[in-house]
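Just below is one structure, and these are the notes that go with it.
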Amino acid sequence: MEWFGENPPTAIVTGGASGIGRAVCELLSQNGYRVAVADRDKKGADEVAHHIDGYAFEVDVADEASVIALFDGALQAFGGTLDALATPAGIADTTPFMELTVETFRRVHDVNVVGTFLCILEAAKRMRSGGRICTVASVAGKRGGGLSGTAAYAASKGAVLALSRSAARALAPQGIAVNCVAPGPTLTPMLDEPFKNAEQRTRVEAMTLLGRSGEPREIAEAIAWLLSPRSSYVAGETLTIDGGLMLD
Ligand SMILES: NC(=O)c1ccc[n+]([C@@H]2O[C@H](COP(=O)([O-])OP(=O)(O)OC[C@H]3O[C@@H](n4cnc5c(N)ncnc54)[C@H](O)[C@@H]3O)[C@@H](O)[C@H]2O)c1
């Protein structure tokens with residue numbers, strides 16, 4: 001990783017205990033990064049951190065004080081530098097529209113939107129020029145749901161798409177690049193419940209050109225690229241990784 005200079009690059013990954021976030025932690029570690037694995041699931045974060053020789057942090061991304069403590073703690077562990085941030089921490093919701101409560105709608109936005117915003121903000125306060133951020137939306141944010149997640153989830157991911165572009169504009173003058181990935185169906189614990197219904201799984205997978213769900217590693221590869229200087233001319237972009245689902 002010669003582009004980052006003499007020291008190994010450093011990264012904070014939220015939602016690092018599971019699924020896509022875990023795959024990002026593993027891949028970045030293989031690529032030579034020192035990684036802070038941040039999750040509200042501390043036990044899971046500990047396991048991943050142990051596995052990759054990284055640092056585990058318990059965080060609720062929806063809570064400002066908790067996010068600030070994460071960034072302060074990680075920067076201390078890293079010796080003061082932060083090169084990359086990935087924000088996969090998120091929750092799904094499958095409540096039918098007419099049964100959706102304001103509480104549920106707010107909670108999903110607190111984690112997925114406010115959580116992403118807080119992490120970008122705290123990263124931007126600490127990153128030098130050359131820092132890179134990758135957020136995680138979803139094809140649900142482009143399509144308005146229609147897969148597994150419903151209105152609260154789709155609206156939150158649409159907000160992540162817009163937030164990422166806005167942050168890209170705001171932070172470019174500081175030399176910080178913000179990009180986003182929009183995954184399609186990916187085999188993580190998030191889909192365990194909806195995919196218990198075999199017909200639902202078949203329907204969703206048939207919507208892709210490849211006829212299957214993605215693996216967490218296939219999303220992590222794109223995130224790792226967007227976090228690396230190899231994507232140095234990519235800015236404010238959303239990379240859709242969905243086996244061709246959005247093509248229809
Ligand atoms: N799996 C899919 O099909 C799919 C598709 C599109 C987008 N996504 C998005 O990818 C991201 C990762 O999801 P995943 O599929 O790996 O799910 P996952 O459930 O395996 O992982 C999500 C992680 O986020 C953590 N988390 C949840 N709320 C948190 C909070 N408030 N603070 C800190 N950590 C919190 C969880 O503990 C968990 O470890 C999510 O943003 C999700 O919306 C997933």
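For the structure tokens, the naming scheme is as follows: chains receive sequential letters (A, B, ...) according to their order of presentation, residues are indexed from 1 within each chain, and ligands are indexed from 1 in presentation order.
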
As a compact mmCIF listing (two decimals) with C-alpha atoms, in the first residue's frame, please: every protein or nucleic acid residue near ligand 1 (cut-off 6 Å, counting only C-alpha atoms and all ligand atoms).
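Printed below is result04.txt as written:
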# COMPACT_ATOMS: atom_id res chain seq x y z
CA GLY A 15 -21.13 -3.06 11.33
CA GLY A 16 -17.87 -4.99 11.24
CA ALA A 17 -19.15 -7.91 13.33
CA SER A 18 -21.30 -9.45 10.62
CA GLY A 19 -22.08 -9.88 6.94
CA ILE A 20 -20.74 -7.25 4.55
CA GLY A 21 -18.92 -5.31 7.29
CA ASP A 39 -20.37 -2.74 16.02
CA ARG A 40 -23.14 -2.64 18.60
CA ASP A 41 -22.45 -6.39 18.89
CA VAL A 59 -20.69 1.51 19.14
CA ASP A 60 -24.28 2.50 18.51
CA VAL A 61 -23.96 4.54 15.32
CA ALA A 62 -27.28 6.26 16.04
CA PRO A 88 -22.05 -0.95 6.56
CA ALA A 89 -23.78 -0.77 10.00
CA GLY A 90 -27.48 -0.85 9.29
CA ILE A 91 -30.80 -2.47 10.04
CA ALA A 92 -33.53 -3.78 7.78
CA VAL A 111 -29.44 3.88 12.44
CA VAL A 136 -23.59 1.49 2.05
CA ALA A 137 -26.99 2.13 0.50
CA SER A 138 -29.02 -0.56 -1.29
CA PRO A 183 -25.77 -3.85 -3.03
CA GLY A 184 -28.48 -6.14 -4.26
CA PRO A 185 -29.52 -9.24 -2.29
CA THR A 186 -26.48 -10.48 -0.37
CA LEU A 187 -26.30 -13.63 1.74
CA THR A 188 -25.82 -12.22 5.24
CA PRO A 189 -27.78 -12.65 8.49
CA MET A 190 -29.92 -9.68 7.35
CA LEU A 191 -31.60 -11.91 4.78

Given only C-alpha atoms, how would the per-residue table for segment 25-50 of chain A near segment 75-86 of chain A read, listing every residue at most 12 Å away with its closest atom pair and distance in Å to one decimal, sorted by chain and number, as CSV?
residue,atom,partner,partner_atom,distance
A:Cys25,CA,A:Ala86,CA,9.3
A:Leu28,CA,A:Ala84,CA,9.9
A:Tyr33,CA,A:Asp83,CA,9.3
A:Arg34,CA,A:Phe78,CA,7.6
A:Val35,CA,A:Phe78,CA,8.8
A:Ala36,CA,A:Ala77,CA,8.6
A:Val37,CA,A:Ala86,CA,10.3
A:Ala38,CA,A:Ala86,CA,10.2

Near Leu245 of chain A, counting only C-alpha atoms, which residues have an atom at most 10 Å away, once you skip same-chain residues fewer than 4 positions from it, shown as JSON, numbers by chain? {"A": [139, 183, 184, 185, 204, 205, 206, 207, 208, 209, 210, 211, 212, 240, 241]}

Given only C-alpha atoms as the counted atoms, nearest of A:Ala154, A:Ala123, A:Ala65, A:Val24 to Trp225 of chain A: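 When distances to Trp225 of chain A are compared using only C-alpha atoms, the smallest one comes from A:Val24.
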
DSSP alpha helix (DSSP H) selection over segment 2-248 of chain A, as a PyMOL selection string: chain A and resi 19-30+42-52+64-78+102-109+115-126+139-143+151-171+198-206+216-227

Rounded to one decimal place, report the atom CA of Ala235 of chain A-atom CA of Ser29 of chain A distance in Å.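 Interatomic distance, atom CA of Ala235 of chain A to atom CA of Ser29 of chain A: 23.7 Å.
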
Taking only C-alpha atoms into account, name the residue in A:Ala140, A:Ala222, A:Lys42, A:Gly131 that is nearest to Pro9 of chain A.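 Counting only C-alpha atoms, the residue closest to Pro9 of chain A is A:Gly131.
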
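Rounded to one decimal, atom CA of Asp110 of chain A and atom CA of Tyr153 of chain A lie 11.1 Å from each other.
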
What is the atom CA of Met127 of chain A-atom CA of Leu227 of chain A distance in Å, reported with one decimal?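 Calculated distance between atom CA of Met127 of chain A and atom CA of Leu227 of chain A is 13.0 Å.
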
For Ala124 of chain A, which residue among A:Gly244, A:Pro194, A:Gly32, A:Pro173 is the nearest when counting only C-alpha atoms?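 Nearest candidate to Ala124 of chain A out of A:Gly244, A:Pro194, A:Gly32, A:Pro173: A:Pro173.
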
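With only C-alpha atoms taken into account, the protein and nucleic acid residues at most 9 Å from Thr150 of chain A (excluding it and anything under 2 positions from it in its own chain) are Ala92, Asp93, Thr94, Thr95, Pro96, Phe97, Ala140, Gly144, Gly145, Gly146, Leu147, Ser148, Ala152, Tyr153, Ala154 and Ala155 of chain A.
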
Produce a file of the selected residues containing N, CA and C atoms, as an mmCIF file, in the first residue's frame.
data_model
loop_
_atom_site.group_PDB
_atom_site.id
_atom_site.type_symbol
_atom_site.label_atom_id
_atom_site.label_comp_id
_atom_site.auth_asym_id
_atom_site.auth_seq_id
_atom_site.Cartn_x
_atom_site.Cartn_y
_atom_site.Cartn_z
ATOM 1 N N ALA A 92 -32.487 -3.631 8.797
ATOM 2 C CA ALA A 92 -33.531 -3.777 7.778
ATOM 3 C C ALA A 92 -34.897 -3.659 8.443
ATOM 4 N N ASP A 93 -35.914 -3.497 7.632
ATOM 5 C CA ASP A 93 -37.286 -3.540 8.150
ATOM 6 C C ASP A 93 -38.210 -4.023 7.039
ATOM 7 N N THR A 94 -39.077 -4.959 7.386
ATOM 8 C CA THR A 94 -39.964 -5.544 6.363
ATOM 9 C C THR A 94 -41.443 -5.323 6.685
ATOM 10 N N THR A 95 -41.723 -4.346 7.571
ATOM 11 C CA THR A 95 -43.114 -4.077 7.939
ATOM 12 C C THR A 95 -43.907 -3.580 6.726
ATOM 13 N N PRO A 96 -45.069 -4.178 6.444
ATOM 14 C CA PRO A 96 -45.893 -3.667 5.336
ATOM 15 C C PRO A 96 -46.270 -2.198 5.572
ATOM 16 N N PHE A 97 -46.395 -1.462 4.490
ATOM 17 C CA PHE A 97 -46.585 -0.008 4.559
ATOM 18 C C PHE A 97 -47.683 0.402 5.542
ATOM 19 N N ALA A 140 -32.584 -1.085 -2.852
ATOM 20 C CA ALA A 140 -33.900 -0.686 -2.329
ATOM 21 C C ALA A 140 -34.058 0.832 -2.333
ATOM 22 N N GLY A 144 -37.087 1.959 -4.435
ATOM 23 C CA GLY A 144 -38.211 2.110 -3.509
ATOM 24 C C GLY A 144 -38.655 0.770 -2.964
ATOM 25 N N GLY A 145 -37.703 -0.094 -2.658
ATOM 26 C CA GLY A 145 -38.020 -1.412 -2.089
ATOM 27 C C GLY A 145 -38.359 -2.414 -3.174
ATOM 28 N N GLY A 146 -39.337 -3.254 -2.871
ATOM 29 C CA GLY A 146 -39.764 -4.239 -3.857
ATOM 30 C C GLY A 146 -38.969 -5.527 -3.828
ATOM 31 N N LEU A 147 -38.004 -5.615 -2.883
ATOM 32 C CA LEU A 147 -37.242 -6.867 -2.743
ATOM 33 C C LEU A 147 -37.626 -7.479 -1.405
ATOM 34 N N SER A 148 -36.833 -7.207 -0.356
ATOM 35 C CA SER A 148 -37.199 -7.682 0.983
ATOM 36 C C SER A 148 -37.570 -6.516 1.896
ATOM 37 N N ALA A 152 -39.769 1.948 5.158
ATOM 38 C CA ALA A 152 -38.818 2.612 6.062
ATOM 39 C C ALA A 152 -37.391 2.345 5.598
ATOM 40 N N TYR A 153 -37.140 1.103 5.225
ATOM 41 C CA TYR A 153 -35.793 0.718 4.777
ATOM 42 C C TYR A 153 -35.446 1.401 3.452
ATOM 43 N N ALA A 154 -36.351 1.305 2.478
ATOM 44 C CA ALA A 154 -36.081 1.883 1.160
ATOM 45 C C ALA A 154 -35.853 3.391 1.268
ATOM 46 N N ALA A 155 -36.685 4.063 2.063
ATOM 47 C CA ALA A 155 -36.534 5.520 2.221
ATOM 48 C C ALA A 155 -35.201 5.848 2.881
#

Might you pull out every residue within 8 Å of segment 231-234 of chain A, with only C-alpha atoms counted and same-chain residues fewer than 5 positions away left off, and present them as a ChimeraX atom specification? /A:177,179,225-226

Put those residues in a file: C-alpha atoms, as a compact mmCIF listing (two decimals), in the first residue's frame.
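Contents of again27.txt, freshly written:
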# COMPACT_ATOMS: atom_id res chain seq x y z
CA ALA A 177 -13.44 11.29 -1.34
CA ASN A 179 -18.45 7.14 -2.57
CA TRP A 225 -11.51 -0.66 -4.11
CA LEU A 226 -13.47 2.53 -3.43

If we count only C-alpha atoms and set the cut-off at 8 Å, which residues sit around Glu237 of chain A, ignoring sequence neighbours fewer than 5 positions away in its own chain? Please answer as a PyMOL selection string. chain A and resi 165+178-180
